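Participant: TSV, C-alpha atoms, saved as my_file12.tsv, coming up:
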```tsv
chain	number	residue	atom	x	y	z
A	677	MET	CA	0.00	0.00	0.00
A	678	THR	CA	1.38	3.43	-0.96
A	679	ASP	CA	1.91	6.20	1.57
A	680	CYS	CA	-0.86	8.17	-0.14
A	681	ALA	CA	-3.31	5.28	0.15
A	682	MET	CA	-2.37	4.76	3.80
A	683	ALA	CA	-3.00	8.44	4.52
A	684	ASP	CA	-6.42	8.23	2.85
A	685	ASP	CA	-7.33	5.16	4.90
A	686	ASN	CA	-6.25	6.87	8.12
A	687	ASP	CA	-8.30	9.95	7.27
A	688	GLY	CA	-11.29	7.74	6.52
A	689	LEU	CA	-10.93	5.92	9.84
A	690	GLU	CA	-10.67	9.19	11.72
A	691	ASP	CA	-13.86	10.39	10.03
A	692	GLU	CA	-15.60	7.17	11.12
A	693	LEU	CA	-14.43	7.54	14.71
A	694	GLU	CA	-15.51	11.18	14.85
A	695	LEU	CA	-18.95	10.25	13.53
A	696	LEU	CA	-19.36	7.48	16.10
A	697	SER	CA	-18.26	9.83	18.90
A	698	ALA	CA	-21.01	12.22	17.84
A	699	MET	CA	-23.66	9.47	17.73
A	700	TRP	CA	-22.82	7.61	20.94
A	701	SER	CA	-22.22	8.82	24.48
A	702	GLU	CA	-19.00	8.01	26.32
A	703	ASN	CA	-20.94	5.59	28.53
A	704	GLU	CA	-22.17	3.69	25.47
A	705	LEU	CA	-19.00	3.66	23.39
A	706	LYS	CA	-15.34	3.86	24.38
A	707	ILE	CA	-12.78	4.54	21.65
A	708	LYS	CA	-9.03	4.08	22.08
A	709	ARG	CA	-6.76	5.30	19.31
A	710	SER	CA	-3.39	3.57	19.08
A	711	PRO	CA	-0.17	5.67	19.11
A	712	ALA	CA	1.50	5.98	15.72
A	713	GLU	CA	4.27	3.59	16.74
A	714	ASP	CA	1.70	0.90	17.64
A	715	ALA	CA	-0.57	1.35	14.62
A	716	SER	CA	1.17	-1.47	12.79
A	717	ALA	CA	-0.68	-3.89	15.09
A	718	VAL	CA	-4.03	-2.22	15.76
A	719	LYS	CA	-5.08	1.25	14.63
A	720	ALA	CA	-7.86	1.64	17.19
A	721	SER	CA	-10.05	-0.37	19.52
A	722	LEU	CA	-13.70	0.21	20.41
A	723	THR	CA	-15.96	-1.18	23.12
A	724	ALA	CA	-19.71	-0.65	22.83
A	725	ARG	CA	-22.26	-1.54	25.52
A	726	LEU	CA	-25.35	-2.45	23.52
A	727	MET	CA	-28.97	-2.69	24.64
A	728	PRO	CA	-31.96	-3.94	22.64
A	729	LEU	CA	-33.93	-1.31	20.71
A	730	THR	CA	-37.21	-1.00	22.64
A	731	ALA	CA	-38.22	2.61	21.97
A	732	GLY	CA	-36.80	3.69	25.32
A	733	ASP	CA	-38.86	1.22	27.39
A	734	GLN	CA	-36.23	-0.21	29.74
A	735	GLY	CA	-38.75	-2.67	31.16
A	736	LEU	CA	-38.67	-4.54	27.84
A	737	GLN	CA	-34.88	-4.83	27.74
A	738	HIS	CA	-34.10	-8.38	28.84
A	739	LEU	CA	-30.41	-8.44	27.98
A	740	TRP	CA	-27.29	-6.46	27.12
A	741	CYS	CA	-23.90	-7.19	25.62
A	742	GLU	CA	-20.50	-5.58	25.12
A	743	VAL	CA	-19.00	-5.72	21.64
A	744	HIS	CA	-15.25	-5.23	21.18
A	745	LEU	CA	-13.87	-4.10	17.81
A	746	GLU	CA	-10.22	-3.81	16.82
A	747	VAL	CA	-9.20	-2.01	13.65
A	748	PRO	CA	-6.37	-3.93	11.91
A	749	PRO	CA	-3.52	-2.11	10.12
A	750	ASP	CA	-4.88	-2.79	6.60
A	751	TYR	CA	-8.46	-1.71	7.39
A	752	PRO	CA	-10.75	-1.28	5.48
A	753	GLU	CA	-9.26	-3.90	3.15
A	754	GLU	CA	-8.80	-6.17	6.19
A	755	ALA	CA	-11.83	-7.26	8.25
A	756	LEU	CA	-12.40	-5.88	11.73
A	757	LEU	CA	-11.49	-8.12	14.66
A	758	ILE	CA	-14.68	-8.74	16.64
A	759	ALA	CA	-15.21	-10.21	20.11
A	760	LEU	CA	-18.07	-10.24	22.60
A	761	GLY	CA	-17.34	-9.07	26.12
A	762	ALA	CA	-19.51	-9.12	29.22
A	763	SER	CA	-23.20	-9.80	28.72
A	764	ARG	CA	-26.35	-10.53	30.68
A	765	GLY	CA	-29.32	-12.57	29.50
A	766	LEU	CA	-27.52	-14.21	26.56
A	767	SER	CA	-26.96	-17.96	26.43
A	768	ASP	CA	-23.66	-19.36	25.15
A	769	GLN	CA	-25.45	-20.46	21.99
A	770	SER	CA	-26.87	-16.97	21.42
A	771	ARG	CA	-23.45	-15.39	21.96
A	772	CYS	CA	-21.89	-17.80	19.46
A	773	SER	CA	-24.53	-17.18	16.79
A	774	MET	CA	-24.34	-13.41	17.30
A	775	LEU	CA	-20.55	-13.39	16.94
A	776	GLN	CA	-20.69	-15.50	13.78
A	777	TYR	CA	-23.31	-13.15	12.33
A	778	LEU	CA	-21.19	-10.05	13.05
A	779	GLN	CA	-18.10	-11.67	11.53
A	780	LYS	CA	-20.12	-12.43	8.39
A	781	ILE	CA	-21.28	-8.80	8.19
A	782	SER	CA	-17.70	-7.61	8.69
A	783	HIS	CA	-16.51	-9.56	5.65
A	784	GLN	CA	-19.43	-8.26	3.60
A	785	LEU	CA	-18.31	-4.69	4.39
A	786	LEU	CA	-14.69	-5.21	3.34
A	787	GLY	CA	-13.25	-2.30	1.36
A	788	GLY	CA	-15.42	0.39	2.91
A	789	PRO	CA	-16.40	1.96	6.26
A	790	ALA	CA	-17.61	-0.85	8.53
A	791	LEU	CA	-17.59	0.36	12.15
A	792	HIS	CA	-21.06	1.89	12.18
A	793	GLY	CA	-22.48	-0.99	10.14
A	794	ILE	CA	-21.17	-3.59	12.60
A	795	LEU	CA	-22.52	-1.76	15.65
A	796	GLU	CA	-25.88	-1.25	13.95
A	797	ALA	CA	-26.04	-4.95	12.99
A	798	ALA	CA	-25.16	-5.91	16.58
A	799	SER	CA	-27.96	-3.74	17.97
A	800	GLU	CA	-30.47	-5.23	15.56
A	801	GLU	CA	-29.37	-8.79	16.34
A	802	LEU	CA	-29.58	-8.08	20.06
A	803	THR	CA	-33.10	-6.74	19.57
A	804	LYS	CA	-34.14	-9.95	17.80
A	805	LEU	CA	-32.69	-12.08	20.60
A	806	ASN	CA	-34.40	-9.87	23.16
A	807	SER	CA	-37.82	-10.66	21.71
A	808	THR	CA	-37.36	-14.37	22.41
A	809	PRO	CA	-35.38	-14.83	25.66
A	810	SER	CA	-33.64	-18.19	25.77
A	811	GLY	CA	-33.22	-20.54	28.69
A	812	ASP	CA	-35.51	-21.50	31.55
A	813	CYS	CA	-37.35	-19.61	34.25
A	814	ALA	CA	-35.29	-20.05	37.44
A	815	ILE	CA	-38.50	-20.30	39.51
A	816	CYS	CA	-40.55	-22.97	37.72
A	817	LEU	CA	-37.67	-24.36	35.59
A	818	ALA	CA	-39.87	-24.35	32.47
A	819	SER	CA	-38.80	-22.75	29.21
A	820	LEU	CA	-39.17	-18.98	28.99
A	821	SER	CA	-40.81	-19.52	25.60
A	822	GLU	CA	-43.82	-20.98	27.43
A	823	THR	CA	-46.47	-18.86	29.13
A	824	PRO	CA	-47.70	-20.44	32.37
A	825	VAL	CA	-50.94	-19.14	33.88
A	826	LEU	CA	-51.70	-19.91	37.49
A	827	GLU	CA	-55.48	-20.06	37.24
A	828	GLY	CA	-57.40	-19.01	40.29
A	829	LYS	CA	-54.41	-17.25	41.81
A	830	LEU	CA	-54.14	-14.14	39.66
A	831	GLN	CA	-56.60	-11.27	39.82
A	832	LEU	CA	-57.89	-9.60	36.67
A	833	GLN	CA	-55.28	-6.84	36.71
A	834	ASP	CA	-52.53	-9.43	37.09
A	835	MET	CA	-53.80	-11.28	34.04
A	836	GLN	CA	-53.75	-8.06	32.02
A	837	ASP	CA	-50.20	-7.32	33.13
A	838	ALA	CA	-49.17	-10.87	32.29
A	839	THR	CA	-49.81	-10.38	28.57
A	840	ALA	CA	-46.08	-9.64	28.28
A	841	ALA	CA	-45.53	-13.21	29.58
A	842	ARG	CA	-42.01	-12.48	30.78
A	843	VAL	CA	-40.49	-9.87	33.03
A	844	CYS	CA	-36.89	-8.72	33.41
A	845	THR	CA	-35.50	-7.48	36.71
A	846	PRO	CA	-33.09	-4.52	36.95
A	847	CYS	CA	-30.31	-7.11	37.41
A	848	PHE	CA	-31.26	-8.55	33.98
A	849	HIS	CA	-32.69	-11.88	35.06
A	850	VAL	CA	-35.80	-12.97	33.16
A	851	PHE	CA	-38.72	-14.90	34.68
A	852	HIS	CA	-42.27	-15.76	33.76
A	853	TYR	CA	-44.41	-12.89	34.95
A	854	THR	CA	-46.76	-15.22	36.78
A	855	CYS	CA	-43.92	-17.04	38.52
A	856	LEU	CA	-42.26	-13.88	39.81
A	857	MET	CA	-45.65	-12.47	40.81
A	858	GLU	CA	-46.44	-15.49	43.00
A	859	CYS	CA	-42.90	-15.61	44.41
A	860	TRP	CA	-42.97	-11.98	45.47
A	861	LYS	CA	-46.53	-12.20	46.78
A	862	SER	CA	-45.33	-14.97	49.07
A	863	CYS	CA	-42.45	-12.78	50.25
A	864	LEU	CA	-44.78	-9.84	50.87
A	865	ALA	CA	-47.07	-12.00	52.98
A	866	LYS	CA	-44.13	-12.54	55.34
A	867	THR	CA	-43.04	-8.89	55.41
A	868	PRO	CA	-43.53	-7.13	58.79
A	869	ALA	CA	-46.12	-4.36	58.79
A	870	SER	CA	-43.47	-1.79	59.66
A	871	GLN	CA	-41.68	-2.54	56.37
A	872	CYS	CA	-44.70	-2.37	54.05
A	873	ASP	CA	-44.34	1.18	52.80
A	874	PRO	CA	-45.04	0.74	49.03
A	875	LEU	CA	-42.32	3.25	48.17
A	876	LEU	CA	-39.66	1.50	50.24
A	877	ILE	CA	-40.35	-2.22	49.86
A	878	THR	CA	-37.45	-4.20	48.43
A	879	LEU	CA	-37.60	-7.83	47.32
A	880	ALA	CA	-34.82	-10.20	46.34
A	881	CYS	CA	-34.23	-11.43	42.81
A	882	PRO	CA	-34.90	-15.20	42.98
A	883	GLU	CA	-31.77	-15.89	40.94
A	884	CYS	CA	-28.99	-13.59	42.24
A	885	ARG	CA	-30.65	-12.32	45.47
A	886	CYS	CA	-30.04	-8.70	44.44
A	887	GLU	CA	-32.35	-6.34	46.34
A	888	ILE	CA	-34.92	-4.78	43.99
A	889	GLN	CA	-37.20	-1.87	44.85
A	890	LEU	CA	-40.72	-2.97	44.00
A	891	ALA	CA	-41.76	0.55	43.09
A	892	ALA	CA	-39.09	0.58	40.37
A	893	MET	CA	-40.85	-2.20	38.45
A	894	PRO	CA	-43.89	-0.80	36.60
A	895	GLN	CA	-45.15	-4.31	35.81
A	896	PHE	CA	-45.98	-4.78	39.50
A	897	GLN	CA	-47.84	-1.55	40.19
A	898	SER	CA	-51.06	-3.56	40.55
A	899	VAL	CA	-49.47	-5.39	43.50
A	900	ILE	CA	-48.43	-2.13	45.14
A	901	SER	CA	-51.89	-0.62	44.69
A	902	ARG	CA	-53.47	-3.55	46.56
A	903	LEU	CA	-51.09	-3.49	49.53
A	904	PRO	CA	-52.98	-2.75	52.76
A	905	GLU	CA	-52.08	0.33	54.72
A	906	PRO	CA	-49.33	-0.54	57.25
A	907	GLU	CA	-51.59	0.06	60.25
A	908	SER	CA	-54.23	-2.36	58.91
A	909	ILE	CA	-51.83	-5.29	58.46
A	910	SER	CA	-52.29	-7.91	61.15
```
Render the structure in this file as C-alpha coordinates.
Facilitator:
Amino acid sequence: MTDCAMADDNDGLEDELELLSAMWSENELKIKRSPAEDASAVKASLTARLMPLTAGDQGLQHLWCEVHLEVPPDYPEEALLIALGASRGLSDQSRCSMLQYLQKISHQLLGGPALHGILEAASEELTKLNSTPSGDCAICLASLSETPVLEGKLQLQDMQDATAARVCTPCFHVFHYTCLMECWKSCLAKTPASQCDPLLITLACPECRCEIQLAAMPQFQSVISRLPEPESIS
(Lines of atoms letter the chains of each structure in order from A and count residues from 1; the text may use other names and numbers.)
(Lines give C-alpha, C1' and ligand atoms only; values in the text may rest on other atoms or scores of the structure.)
Protein backbone atom coordinates (compact mmCIF):
# COMPACT_ATOMS: atom_id res chain seq x y z
CA MET A 1 0.00 0.00 0.00
CA THR A 2 1.38 3.43 -0.96
CA ASP A 3 1.91 6.20 1.57
CA CYS A 4 -0.86 8.17 -0.14
CA ALA A 5 -3.31 5.28 0.15
CA MET A 6 -2.37 4.76 3.80
CA ALA A 7 -3.00 8.44 4.52
CA ASP A 8 -6.42 8.23 2.85
CA ASP A 9 -7.33 5.16 4.90
CA ASN A 10 -6.25 6.87 8.12
CA ASP A 11 -8.30 9.95 7.27
CA GLY A 12 -11.29 7.74 6.52
CA LEU A 13 -10.93 5.92 9.84
CA GLU A 14 -10.67 9.19 11.72
CA ASP A 15 -13.86 10.39 10.03
CA GLU A 16 -15.60 7.17 11.12
CA LEU A 17 -14.43 7.54 14.71
CA GLU A 18 -15.51 11.18 14.85
CA LEU A 19 -18.95 10.25 13.53
CA LEU A 20 -19.36 7.48 16.10
CA SER A 21 -18.26 9.83 18.90
CA ALA A 22 -21.01 12.22 17.84
CA MET A 23 -23.66 9.47 17.73
CA TRP A 24 -22.82 7.61 20.94
CA SER A 25 -22.22 8.82 24.48
CA GLU A 26 -19.00 8.01 26.32
CA ASN A 27 -20.94 5.59 28.53
CA GLU A 28 -22.17 3.69 25.47
CA LEU A 29 -19.00 3.66 23.39
CA LYS A 30 -15.34 3.86 24.38
CA ILE A 31 -12.78 4.54 21.65
CA LYS A 32 -9.03 4.08 22.08
CA ARG A 33 -6.76 5.30 19.31
CA SER A 34 -3.39 3.57 19.08
CA PRO A 35 -0.17 5.67 19.11
CA ALA A 36 1.50 5.98 15.72
CA GLU A 37 4.27 3.59 16.74
CA ASP A 38 1.70 0.90 17.64
CA ALA A 39 -0.57 1.35 14.62
CA SER A 40 1.17 -1.47 12.79
CA ALA A 41 -0.68 -3.89 15.09
CA VAL A 42 -4.03 -2.22 15.76
CA LYS A 43 -5.08 1.25 14.63
CA ALA A 44 -7.86 1.64 17.19
CA SER A 45 -10.05 -0.37 19.52
CA LEU A 46 -13.70 0.21 20.41
CA THR A 47 -15.96 -1.18 23.12
CA ALA A 48 -19.71 -0.65 22.83
CA ARG A 49 -22.26 -1.54 25.52
CA LEU A 50 -25.35 -2.45 23.52
CA MET A 51 -28.97 -2.69 24.64
CA PRO A 52 -31.96 -3.94 22.64
CA LEU A 53 -33.93 -1.31 20.71
CA THR A 54 -37.21 -1.00 22.64
CA ALA A 55 -38.22 2.61 21.97
CA GLY A 56 -36.80 3.69 25.32
CA ASP A 57 -38.86 1.22 27.39
CA GLN A 58 -36.23 -0.21 29.74
CA GLY A 59 -38.75 -2.67 31.16
CA LEU A 60 -38.67 -4.54 27.84
CA GLN A 61 -34.88 -4.83 27.74
CA HIS A 62 -34.10 -8.38 28.84
CA LEU A 63 -30.41 -8.44 27.98
CA TRP A 64 -27.29 -6.46 27.12
CA CYS A 65 -23.90 -7.19 25.62
CA GLU A 66 -20.50 -5.58 25.12
CA VAL A 67 -19.00 -5.72 21.64
CA HIS A 68 -15.25 -5.23 21.18
CA LEU A 69 -13.87 -4.10 17.81
CA GLU A 70 -10.22 -3.81 16.82
CA VAL A 71 -9.20 -2.01 13.65
CA PRO A 72 -6.37 -3.93 11.91
CA PRO A 73 -3.52 -2.11 10.12
CA ASP A 74 -4.88 -2.79 6.60
CA TYR A 75 -8.46 -1.71 7.39
CA PRO A 76 -10.75 -1.28 5.48
CA GLU A 77 -9.26 -3.90 3.15
CA GLU A 78 -8.80 -6.17 6.19
CA ALA A 79 -11.83 -7.26 8.25
CA LEU A 80 -12.40 -5.88 11.73
CA LEU A 81 -11.49 -8.12 14.66
CA ILE A 82 -14.68 -8.74 16.64
CA ALA A 83 -15.21 -10.21 20.11
CA LEU A 84 -18.07 -10.24 22.60
CA GLY A 85 -17.34 -9.07 26.12
CA ALA A 86 -19.51 -9.12 29.22
CA SER A 87 -23.20 -9.80 28.72
CA ARG A 88 -26.35 -10.53 30.68
CA GLY A 89 -29.32 -12.57 29.50
CA LEU A 90 -27.52 -14.21 26.56
CA SER A 91 -26.96 -17.96 26.43
CA ASP A 92 -23.66 -19.36 25.15
CA GLN A 93 -25.45 -20.46 21.99
CA SER A 94 -26.87 -16.97 21.42
CA ARG A 95 -23.45 -15.39 21.96
CA CYS A 96 -21.89 -17.80 19.46
CA SER A 97 -24.53 -17.18 16.79
CA MET A 98 -24.34 -13.41 17.30
CA LEU A 99 -20.55 -13.39 16.94
CA GLN A 100 -20.69 -15.50 13.78
CA TYR A 101 -23.31 -13.15 12.33
CA LEU A 102 -21.19 -10.05 13.05
CA GLN A 103 -18.10 -11.67 11.53
CA LYS A 104 -20.12 -12.43 8.39
CA ILE A 105 -21.28 -8.80 8.19
CA SER A 106 -17.70 -7.61 8.69
CA HIS A 107 -16.51 -9.56 5.65
CA GLN A 108 -19.43 -8.26 3.60
CA LEU A 109 -18.31 -4.69 4.39
CA LEU A 110 -14.69 -5.21 3.34
CA GLY A 111 -13.25 -2.30 1.36
CA GLY A 112 -15.42 0.39 2.91
CA PRO A 113 -16.40 1.96 6.26
CA ALA A 114 -17.61 -0.85 8.53
CA LEU A 115 -17.59 0.36 12.15
CA HIS A 116 -21.06 1.89 12.18
CA GLY A 117 -22.48 -0.99 10.14
CA ILE A 118 -21.17 -3.59 12.60
CA LEU A 119 -22.52 -1.76 15.65
CA GLU A 120 -25.88 -1.25 13.95
CA ALA A 121 -26.04 -4.95 12.99
CA ALA A 122 -25.16 -5.91 16.58
CA SER A 123 -27.96 -3.74 17.97
CA GLU A 124 -30.47 -5.23 15.56
CA GLU A 125 -29.37 -8.79 16.34
CA LEU A 126 -29.58 -8.08 20.06
CA THR A 127 -33.10 -6.74 19.57
CA LYS A 128 -34.14 -9.95 17.80
CA LEU A 129 -32.69 -12.08 20.60
CA ASN A 130 -34.40 -9.87 23.16
CA SER A 131 -37.82 -10.66 21.71
CA THR A 132 -37.36 -14.37 22.41
CA PRO A 133 -35.38 -14.83 25.66
CA SER A 134 -33.64 -18.19 25.77
CA GLY A 135 -33.22 -20.54 28.69
CA ASP A 136 -35.51 -21.50 31.55
CA CYS A 137 -37.35 -19.61 34.25
CA ALA A 138 -35.29 -20.05 37.44
CA ILE A 139 -38.50 -20.30 39.51
CA CYS A 140 -40.55 -22.97 37.72
CA LEU A 141 -37.67 -24.36 35.59
CA ALA A 142 -39.87 -24.35 32.47
CA SER A 143 -38.80 -22.75 29.21
CA LEU A 144 -39.17 -18.98 28.99
CA SER A 145 -40.81 -19.52 25.60
CA GLU A 146 -43.82 -20.98 27.43
CA THR A 147 -46.47 -18.86 29.13
CA PRO A 148 -47.70 -20.44 32.37
CA VAL A 149 -50.94 -19.14 33.88
CA LEU A 150 -51.70 -19.91 37.49
CA GLU A 151 -55.48 -20.06 37.24
CA GLY A 152 -57.40 -19.01 40.29
CA LYS A 153 -54.41 -17.25 41.81
CA LEU A 154 -54.14 -14.14 39.66
CA GLN A 155 -56.60 -11.27 39.82
CA LEU A 156 -57.89 -9.60 36.67
CA GLN A 157 -55.28 -6.84 36.71
CA ASP A 158 -52.53 -9.43 37.09
CA MET A 159 -53.80 -11.28 34.04
CA GLN A 160 -53.75 -8.06 32.02
CA ASP A 161 -50.20 -7.32 33.13
CA ALA A 162 -49.17 -10.87 32.29
CA THR A 163 -49.81 -10.38 28.57
CA ALA A 164 -46.08 -9.64 28.28
CA ALA A 165 -45.53 -13.21 29.58
CA ARG A 166 -42.01 -12.48 30.78
CA VAL A 167 -40.49 -9.87 33.03
CA CYS A 168 -36.89 -8.72 33.41
CA THR A 169 -35.50 -7.48 36.71
CA PRO A 170 -33.09 -4.52 36.95
CA CYS A 171 -30.31 -7.11 37.41
CA PHE A 172 -31.26 -8.55 33.98
CA HIS A 173 -32.69 -11.88 35.06
CA VAL A 174 -35.80 -12.97 33.16
CA PHE A 175 -38.72 -14.90 34.68
CA HIS A 176 -42.27 -15.76 33.76
CA TYR A 177 -44.41 -12.89 34.95
CA THR A 178 -46.76 -15.22 36.78
CA CYS A 179 -43.92 -17.04 38.52
CA LEU A 180 -42.26 -13.88 39.81
CA MET A 181 -45.65 -12.47 40.81
CA GLU A 182 -46.44 -15.49 43.00
CA CYS A 183 -42.90 -15.61 44.41
CA TRP A 184 -42.97 -11.98 45.47
CA LYS A 185 -46.53 -12.20 46.78
CA SER A 186 -45.33 -14.97 49.07
CA CYS A 187 -42.45 -12.78 50.25
CA LEU A 188 -44.78 -9.84 50.87
CA ALA A 189 -47.07 -12.00 52.98
CA LYS A 190 -44.13 -12.54 55.34
CA THR A 191 -43.04 -8.89 55.41
CA PRO A 192 -43.53 -7.13 58.79
CA ALA A 193 -46.12 -4.36 58.79
CA SER A 194 -43.47 -1.79 59.66
CA GLN A 195 -41.68 -2.54 56.37
CA CYS A 196 -44.70 -2.37 54.05
CA ASP A 197 -44.34 1.18 52.80
CA PRO A 198 -45.04 0.74 49.03
CA LEU A 199 -42.32 3.25 48.17
CA LEU A 200 -39.66 1.50 50.24
CA ILE A 201 -40.35 -2.22 49.86
CA THR A 202 -37.45 -4.20 48.43
CA LEU A 203 -37.60 -7.83 47.32
CA ALA A 204 -34.82 -10.20 46.34
CA CYS A 205 -34.23 -11.43 42.81
CA PRO A 206 -34.90 -15.20 42.98
CA GLU A 207 -31.77 -15.89 40.94
CA CYS A 208 -28.99 -13.59 42.24
CA ARG A 209 -30.65 -12.32 45.47
CA CYS A 210 -30.04 -8.70 44.44
CA GLU A 211 -32.35 -6.34 46.34
CA ILE A 212 -34.92 -4.78 43.99
CA GLN A 213 -37.20 -1.87 44.85
CA LEU A 214 -40.72 -2.97 44.00
CA ALA A 215 -41.76 0.55 43.09
CA ALA A 216 -39.09 0.58 40.37
CA MET A 217 -40.85 -2.20 38.45
CA PRO A 218 -43.89 -0.80 36.60
CA GLN A 219 -45.15 -4.31 35.81
CA PHE A 220 -45.98 -4.78 39.50
CA GLN A 221 -47.84 -1.55 40.19
CA SER A 222 -51.06 -3.56 40.55
CA VAL A 223 -49.47 -5.39 43.50
CA ILE A 224 -48.43 -2.13 45.14
CA SER A 225 -51.89 -0.62 44.69
CA ARG A 226 -53.47 -3.55 46.56
CA LEU A 227 -51.09 -3.49 49.53
CA PRO A 228 -52.98 -2.75 52.76
CA GLU A 229 -52.08 0.33 54.72
CA PRO A 230 -49.33 -0.54 57.25
CA GLU A 231 -51.59 0.06 60.25
CA SER A 232 -54.23 -2.36 58.91
CA ILE A 233 -51.83 -5.29 58.46
CA SER A 234 -52.29 -7.91 61.15
Participant: Give me the box for region 877-887 of chain A as JSON, namely the centre and edge lengths in Å to one decimal of a box along x, y and z that holds every listed atom plus 4 Å on each side.
Facilitator:
```
{"center_x": -34.7, "center_y": -9.1, "center_z": 45.4, "size_x": 19.4, "size_y": 21.7, "size_z": 16.9}
```
Participant: With distances taken over only C-alpha atoms, which residue among A:Ala755, A:Ala814, A:Val843, A:Leu778 lies nearest Cys884 (chain A)?
Facilitator: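 With only C-alpha atoms as the atom set, the closest residue is A:Ala814.
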Participant: Measure the distance from CA of Ser862 (chain A) to CA of Ala818 (chain A) in Å and round it to one decimal.
Facilitator: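 Value for the CA of Ser862 (chain A)-CA of Ala818 (chain A) distance: 19.8 Å.
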Participant: If you count only C-alpha atoms, which residues fall within 12 Å of Gln776 (chain A), apart from same-chain ones fewer than 3 positions away, as a ChimeraX atom specification?
Facilitator: /A:757-760,769-773,779-783,794,797-798,801
Participant: Find the residues around Glu822 (chain A) up to 12 Å (all atoms listed in the file counted), leave out those fewer than 3 positions away in its own chain, and share them as a list in words.
Facilitator: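 Those residues are Thr808, Pro809, Ser810, Gly811, Asp812, Cys813, Cys816, Leu817, Ala818, Ser819, Val825, Ala840, Ala841, Arg842, Phe851, His852, Tyr853, Thr854 and Cys855 of chain A.
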Participant: Give me the residues of region 768-799 of chain A that have any atom at most 10 Å from an atom of region 720-738 of chain A; for each, the nearest atom pair and the distance in Å, rounded to one decimal. Use only C-alpha atoms, sort by chain and number, and format it as a Markdown table.
Facilitator:
```
| residue | atom | partner | partner_atom | distance |
| --- | --- | --- | --- | --- |
| A:Leu791 | CA | A:Leu722 | CA | 9.1 |
| A:Leu795 | CA | A:Ala724 | CA | 7.8 |
| A:Glu796 | CA | A:Leu726 | CA | 9.7 |
| A:Ala798 | CA | A:Leu726 | CA | 7.8 |
| A:Ser799 | CA | A:Pro728 | CA | 6.2 |
```
Participant: May I ask for the distance between CA of Pro882 (chain A) and CA of Cys741 (chain A), given in Å to one decimal place?
Facilitator: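 So the answer is 22.1 Å.
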Participant: How far is it from CA of Glu704 (chain A) to CA of Leu890 (chain A), in Å with one decimal?
Facilitator: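 Taking CA of Glu704 (chain A) as the start and CA of Leu890 (chain A) as the end point, the length is 27.1 Å.
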